[in-house]
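Everything on this sheet refers to the single structure shown next.
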Amino acid sequence: MAGVIHIQWYGTLFRGDALADGITEMAAPVAMQYGATRYSVQRSQDDAYRILQMVWFDSKDDWYRYWEGPELIEFRARYTGRYMIPIVYVWHDEIAGDEAPVTAAVSRRDSADPEPDSEPQAAA
């Protein structure tokens, strides 16, 4: 059954920014190479040291290949001292969900005021 893993990272004092950067640049994107269908990294506004990484997989086997793969072993070794131990992760079965369709972004300026032509037009 498809599911989403919630990984609760907690940065050590004065190292929350470095940990957040490492997760978003190194740890999270690698999941896609192991069969993840999506990932998300979120940082708490109330506690800047609390970082939630969520990764969607179709199987637990893919999750374990990712978590125990060489990239994540290297990440955890390289960032030792920047996060608190233990790292808590929990598999959640996804029982419902939906997303808005991806559409081209239209800015408020584009829709309200069209840009003037760069060349003046002669009156007809």
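Each chain in the structure tokens gets a letter, A, B and so on, in the order shown; residues start at 1 in every chain, and ligands are counted from 1 in the order they appear.
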
Please identify all polymer residues within 10 Å of Gly3 (chain A), counting only C-alpha atoms, omitting same-chain residues fewer than 2 positions from it, and present them as a PyMOL selection string.
chain A and resi 1+5-6+36+55-60+63+91-95

Write a file of the selected residues as a short mmCIF file (atom, residue, chain, number, x, y, z; two decimals), in the first residue's frame, keeping C-alpha atoms.
```cif
data_model
loop_
_atom_site.label_atom_id
_atom_site.label_comp_id
_atom_site.auth_asym_id
_atom_site.auth_seq_id
_atom_site.Cartn_x
_atom_site.Cartn_y
_atom_site.Cartn_z
CA MET A 1 0.00 0.00 0.00
CA ILE A 5 7.04 8.66 5.62
CA HIS A 6 7.24 11.49 8.14
CA ALA A 36 9.55 8.06 -4.36
CA VAL A 55 8.43 11.26 1.30
CA TRP A 56 5.77 9.32 -0.63
CA PHE A 57 6.58 5.73 -1.68
CA ASP A 58 4.53 2.95 -3.24
CA SER A 59 6.22 0.32 -1.06
CA LYS A 60 8.09 0.09 2.21
CA TRP A 63 11.65 3.40 1.56
CA TRP A 91 5.20 5.23 7.89
CA HIS A 92 1.63 6.44 7.30
CA ASP A 93 -0.72 4.58 4.95
CA GLU A 94 -2.27 7.10 2.61
CA ILE A 95 -6.02 6.52 2.68
#
```

DSSP on the backbone: what in chain A comes out alpha helix (DSSP H), as an NGL selection string?
:A and (16-22 or 28-30 or 60-67 or 70-78 or 108-112)

Residues near region 30-34 of chain A, anyone? I mean within 10 Å using only C-alpha atoms, not counting same-chain ones fewer than 2 positions away, as a PyMOL selection string.
chain A and resi 23-28+36-39+55-57+61-67+69+71-72

Name all residues at most 12 Å from Gly16 (chain A) (count only C-alpha atoms; drop same-chain ones fewer than 5 positions away) and give them as a PDB file with C-alpha atoms, in the first residue's frame.
```
ATOM      1  CA  TRP A   9      14.560  16.048  12.123  1.00  0.00           C
ATOM      2  CA  TYR A  10      15.577  18.334  14.966  1.00  0.00           C
ATOM      3  CA  GLY A  11      18.583  20.601  14.492  1.00  0.00           C
ATOM      4  CA  ASP A  21      19.855  23.270   3.609  1.00  0.00           C
ATOM      5  CA  GLY A  22      21.357  19.787   3.686  1.00  0.00           C
ATOM      6  CA  ILE A  23      17.992  18.075   3.773  1.00  0.00           C
ATOM      7  CA  ARG A  43      10.228  23.942   8.704  1.00  0.00           C
ATOM      8  CA  SER A  44       8.261  24.960  11.766  1.00  0.00           C
ATOM      9  CA  ASP A  47      10.528  26.173  16.363  1.00  0.00           C
ATOM     10  CA  ALA A  48      13.125  26.845  13.670  1.00  0.00           C
ATOM     11  CA  TYR A  49      15.086  23.730  14.667  1.00  0.00           C
ATOM     12  CA  ARG A  50      12.155  21.377  13.869  1.00  0.00           C
ATOM     13  CA  ILE A  51      12.161  20.138  10.265  1.00  0.00           C
ATOM     14  CA  TYR A  79      25.618  16.022   9.199  1.00  0.00           C
ATOM     15  CA  GLY A  81      26.302  16.962  15.158  1.00  0.00           C
ATOM     16  CA  ARG A  82      23.797  19.100  13.264  1.00  0.00           C
ATOM     17  CA  TYR A  83      20.755  17.031  14.274  1.00  0.00           C
ATOM     18  CA  MET A  84      19.564  15.374  17.448  1.00  0.00           C
TER      19      MET A  84
END
```

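Of note, CA of Ala2 (chain A) and CA of Ala77 (chain A) are spaced 28.9 Å apart.
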
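Backbone DSSP over chain A gives strand (DSSP E) for A:Gly3, A:Val4, A:Ile5, A:His6, A:Ile7, A:Gln8, A:Trp9, A:Tyr10, A:Arg38, A:Tyr39, A:Ser40, A:Val41, A:Gln42, A:Arg43, A:Arg50, A:Ile51, A:Leu52, A:Gln53, A:Met54, A:Val55, A:Trp56, A:Phe57, A:Val88, A:Tyr89, A:Val90, A:Trp91, A:His92, A:Asp93.
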
Can I get the selection written as an mmCIF file, in the first residue's frame, with N, CA and C atoms?
```cif
data_model
loop_
_atom_site.group_PDB
_atom_site.id
_atom_site.type_symbol
_atom_site.label_atom_id
_atom_site.label_comp_id
_atom_site.auth_asym_id
_atom_site.auth_seq_id
_atom_site.Cartn_x
_atom_site.Cartn_y
_atom_site.Cartn_z
ATOM 1 N N GLY A 3 2.266 4.880 0.760
ATOM 2 C CA GLY A 3 2.291 5.602 2.016
ATOM 3 C C GLY A 3 3.239 6.776 1.977
ATOM 4 N N VAL A 4 3.236 7.500 3.069
ATOM 5 C CA VAL A 4 4.117 8.648 3.218
ATOM 6 C C VAL A 4 4.884 8.496 4.530
ATOM 7 N N ILE A 5 6.176 8.727 4.443
ATOM 8 C CA ILE A 5 7.036 8.665 5.621
ATOM 9 C C ILE A 5 7.177 10.075 6.172
ATOM 10 N N HIS A 6 6.977 10.221 7.455
ATOM 11 C CA HIS A 6 7.238 11.490 8.139
ATOM 12 C C HIS A 6 8.548 11.308 8.898
ATOM 13 N N ILE A 7 9.557 12.096 8.544
ATOM 14 C CA ILE A 7 10.855 12.045 9.215
ATOM 15 C C ILE A 7 10.984 13.334 10.018
ATOM 16 N N GLN A 8 11.072 13.175 11.332
ATOM 17 C CA GLN A 8 11.174 14.326 12.225
ATOM 18 C C GLN A 8 12.647 14.607 12.510
ATOM 19 N N TRP A 9 13.192 15.622 11.854
ATOM 20 C CA TRP A 9 14.560 16.048 12.123
ATOM 21 C C TRP A 9 14.497 17.172 13.150
ATOM 22 N N TYR A 10 15.498 17.231 14.018
ATOM 23 C CA TYR A 10 15.577 18.334 14.966
ATOM 24 C C TYR A 10 17.023 18.810 15.007
ATOM 25 N N ARG A 38 6.994 11.601 -4.601
ATOM 26 C CA ARG A 38 6.910 13.003 -4.179
ATOM 27 C C ARG A 38 7.697 13.163 -2.889
ATOM 28 N N TYR A 39 8.193 14.365 -2.639
ATOM 29 C CA TYR A 39 8.760 14.678 -1.326
ATOM 30 C C TYR A 39 8.434 16.117 -0.964
ATOM 31 N N SER A 40 8.512 16.409 0.322
ATOM 32 C CA SER A 40 8.248 17.747 0.824
ATOM 33 C C SER A 40 9.101 17.952 2.068
ATOM 34 N N VAL A 41 9.662 19.135 2.216
ATOM 35 C CA VAL A 41 10.424 19.483 3.408
ATOM 36 C C VAL A 41 9.790 20.748 3.980
ATOM 37 N N GLN A 42 9.476 20.703 5.255
ATOM 38 C CA GLN A 42 8.810 21.826 5.910
ATOM 39 C C GLN A 42 9.546 22.178 7.193
ATOM 40 N N ARG A 43 9.559 23.463 7.494
ATOM 41 C CA ARG A 43 10.228 23.942 8.704
ATOM 42 C C ARG A 43 9.209 24.663 9.571
ATOM 43 N N ARG A 50 12.988 22.545 14.212
ATOM 44 C CA ARG A 50 12.155 21.377 13.869
ATOM 45 C C ARG A 50 11.884 21.369 12.368
ATOM 46 N N ILE A 51 12.310 20.286 11.712
ATOM 47 C CA ILE A 51 12.161 20.138 10.265
ATOM 48 C C ILE A 51 11.445 18.817 9.997
ATOM 49 N N LEU A 52 10.406 18.887 9.198
ATOM 50 C CA LEU A 52 9.646 17.696 8.824
ATOM 51 C C LEU A 52 9.921 17.389 7.360
ATOM 52 N N GLN A 53 10.421 16.195 7.117
ATOM 53 C CA GLN A 53 10.620 15.708 5.750
ATOM 54 C C GLN A 53 9.563 14.641 5.501
ATOM 55 N N MET A 54 8.812 14.793 4.408
ATOM 56 C CA MET A 54 7.814 13.795 4.042
ATOM 57 C C MET A 54 8.177 13.238 2.672
ATOM 58 N N VAL A 55 8.091 11.911 2.556
ATOM 59 C CA VAL A 55 8.428 11.256 1.299
ATOM 60 C C VAL A 55 7.365 10.204 1.006
ATOM 61 N N TRP A 56 6.813 10.248 -0.213
ATOM 62 C CA TRP A 56 5.774 9.320 -0.630
ATOM 63 C C TRP A 56 6.399 8.167 -1.418
ATOM 64 N N PHE A 57 6.103 6.935 -1.003
ATOM 65 C CA PHE A 57 6.580 5.734 -1.684
ATOM 66 C C PHE A 57 5.405 4.794 -1.935
ATOM 67 N N VAL A 88 13.412 10.299 14.322
ATOM 68 C CA VAL A 88 12.145 9.573 14.394
ATOM 69 C C VAL A 88 11.464 9.625 13.034
ATOM 70 N N TYR A 89 11.129 8.436 12.506
ATOM 71 C CA TYR A 89 10.358 8.385 11.267
ATOM 72 C C TYR A 89 9.221 7.389 11.424
ATOM 73 N N VAL A 90 8.105 7.693 10.760
ATOM 74 C CA VAL A 90 6.908 6.869 10.874
ATOM 75 C C VAL A 90 6.281 6.728 9.490
ATOM 76 N N TRP A 91 5.917 5.506 9.136
ATOM 77 C CA TRP A 91 5.201 5.225 7.887
ATOM 78 C C TRP A 91 3.719 5.456 8.131
ATOM 79 N N HIS A 92 3.070 6.217 7.245
ATOM 80 C CA HIS A 92 1.632 6.444 7.300
ATOM 81 C C HIS A 92 1.031 5.887 6.017
ATOM 82 N N ASP A 93 0.019 5.022 6.134
ATOM 83 C CA ASP A 93 -0.719 4.584 4.948
ATOM 84 C C ASP A 93 -1.552 5.760 4.455
#
```

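Distance-wise, CA of Ile73 (chain A) and CA of Asp46 (chain A) end up 29.3 Å apart.
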
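The gap separating CA of Glu99 (chain A) from CA of Ala20 (chain A) is 25.1 Å, in Å to one decimal.
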